[in-house]
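Peer 1: Okay, here's the structure, questions in a sec.
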There are 2 protein chains.
Amino acid sequence: MAETIVDLYKPSDKMYVATDCLIFGFDDGQLKLLVFKRRVEPRRGEWSLIGSFVNLDEDVEEAAKRVLAEITGLENVFMEQLGAYGAAERDPGYRTISIVQYALIRINDYDKKLVESHGAHWFDINEVPELVLDHDKMLADGLRELRRKARYQPIGFELLPEKFTIPQLQKLYEVIYQKELDGRNFRKKLLSLNVLIKLDEKDKSTSRRGAFLYKFDHKNYQKLLKSGYNFEIA
Amino acid sequence: MAETIVDLYKPSDKMYVATDCLIFGFDDGQLKLLVFKRRVEPRRGEWSLIGSFVNLDEDVEEAAKRVLAEITGLENVFMEQLGAYGAAERDPGYRTISIVQYALIRINDYDKKLVESHGAHWFDINEVPELVLDHDKMLADGLRELRRKARYQPIGFELLPEKFTIPQLQKLYEVIYQKELDGRNFRKKLLSLNVLIKLDEKDKSTSRRGAFLYKFDHKNYQKLLKSGYNFEIA
DNA sequence: ATAATAAATGTATTTTTTACATTCTTTTAA
DNA sequence: TTAAAAGAATGTAAAAAATACATTTATTAT
């Protein structure tokens, strides 16, 4: 008997769906990535992005948040989707699609004991060891996206403590863009955006004079966004 | 007996993986979207983005290209991934993840008979009927991405015929950005980029005088990209 | 008291963006 | 053949944004 149209379009194959997360931090003047040892075969034990299979009753995004919390103890973290990696041969074990997210965390907030207990490790972004499967490609794509994104949205703030100094912020942008910025121009541009609130405190850890601390002004930033402003730094 | 670590991290659940494609075209001064009637339950017969399940031995990208060719007859089309849609409840039938791509096609190239035979239909972007499942959200996201992307990469050319006039190109950007542009400034900016090749032909379909036809200079564009130039129009 | 150190500040120049009005080429109709 | 019509093509001045660049300031440690 001929196939009916319903037969033709009936789904046949199921696949595994995983999520992997690029967890970025900023510390010691350097951009860092958190990785751990892969927990499943094949390639169990090799360095890997932090990830997990997605449960059947769970949003993909939820799954990413679950695994992030599991490893770092952090919730309410900035996270966006980078994209899906779906090459047929990307995982030699099972046919698995991975949906990759990137998260930006304040590196002093995470639960160090928990991270250690999972065998996770922070690497300087230039010293990340070879990663399993197509995770190197994910990292390269994620870095490109982070650099692109940082130009138009103030996601840099997600990587800094609540209170930060302008030189710290400048250093962060220098690391992201991989070039030196002029202090006067950077400060001028940034202050002109009116999204920083100057505090009455100084951070004296890096100079005798000390640098004033600032907070990010979320309200003003929302206003700025609505008015169609193109937030562009450096 | 207690679960071993391998048990804990053994994948358990499989899901369906689909791909849906936002197929954009530009015709008659308007941005258009190609949609068809959904071929699978539930909601069979409702308007839907053009999509298909991904076969087990097929890259996700391949699957998208397969379905695009199946409906339009087109190959070698500009296509990029928008992202994965993975809410647990997005499809009330099966647990299905959809990976969405967007394609830009030259609207005169496609196979009209083939499109008709699949019950597919072009809608003016402002008159797209309600779409099935979360496809409305995909369209809204895709439009935003198209608008963003058009600012920094000359993807507009993918929507125009090989030979086009500057007024046509301007009209396209006006439709994408949803605002009028100044003809003198647009032309000046565009020509200054040196990525247009002026031809010795005119298109007289829209005026008595006729407008010169141009081609896109892919080689120069590649040079421009490598030199780090930020291609930004309007 | 002073030496040391990073933080903070202003201006002139260049580049880019914006605003704006007229002339040109060709066809069609009188 | 001439005039009218219609979109295509062009230039310049003003405003805004980005860049280049050097000195002074606040504080701590010696």
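In the structure tokens, each chain is lettered A, B, ... as it comes, each chain's residues begin at 1, and ligands are numbered from 1 in order of appearance.
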Pull the closest atom pair for each residue of chain D that gets at most 7 Å from chain B, along with the distance in Å to one decimal, counting only C-alpha atoms (C1' of nucleotides), ordering rows by chain and then ascending residue number, as a tab-separated table.
Peer 2:
residue	atom	partner	partner_atom	distance
D:DA6	C1'	B:Ser207	CA	6.4
D:DG7	C1'	B:Ser207	CA	5.0
D:DA8	C1'	B:Ala211	CA	6.0
Peer 1: Using only C-alpha atoms (C1' of nucleotides), which protein or nucleic acid residues come within 9 Å of stretch 97-105 of chain B? Drop anything in the same chain fewer than 6 positions from it, and give the result as a PyMOL selection string.
Peer 2: (chain A and resi 17+60+83-84) or (chain B and resi 15-26+51+53+60-61+64+68+74+77-88+90-91+138+142+146+155-156+158-160)
Peer 1: Tell me, in Å to one decimal, how far atom CA of B:Glu232 is from atom CA of B:Pro154.
Peer 2: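 So the answer is 8.3 Å.
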Peer 1: So how many Å separate atom CA of B:Tyr177 and atom CA of B:Ala150, to one decimal?
Peer 2: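 That distance, rounded to one decimal, is 8.7 Å.
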Peer 1: Please determine the contact residues of chain C with respect to chain B at a cut-off of 9 Å, counting only C-alpha atoms (C1' of nucleotides), and supply them as a ChimeraX atom specification.
Peer 2: /C:17-18,24-27
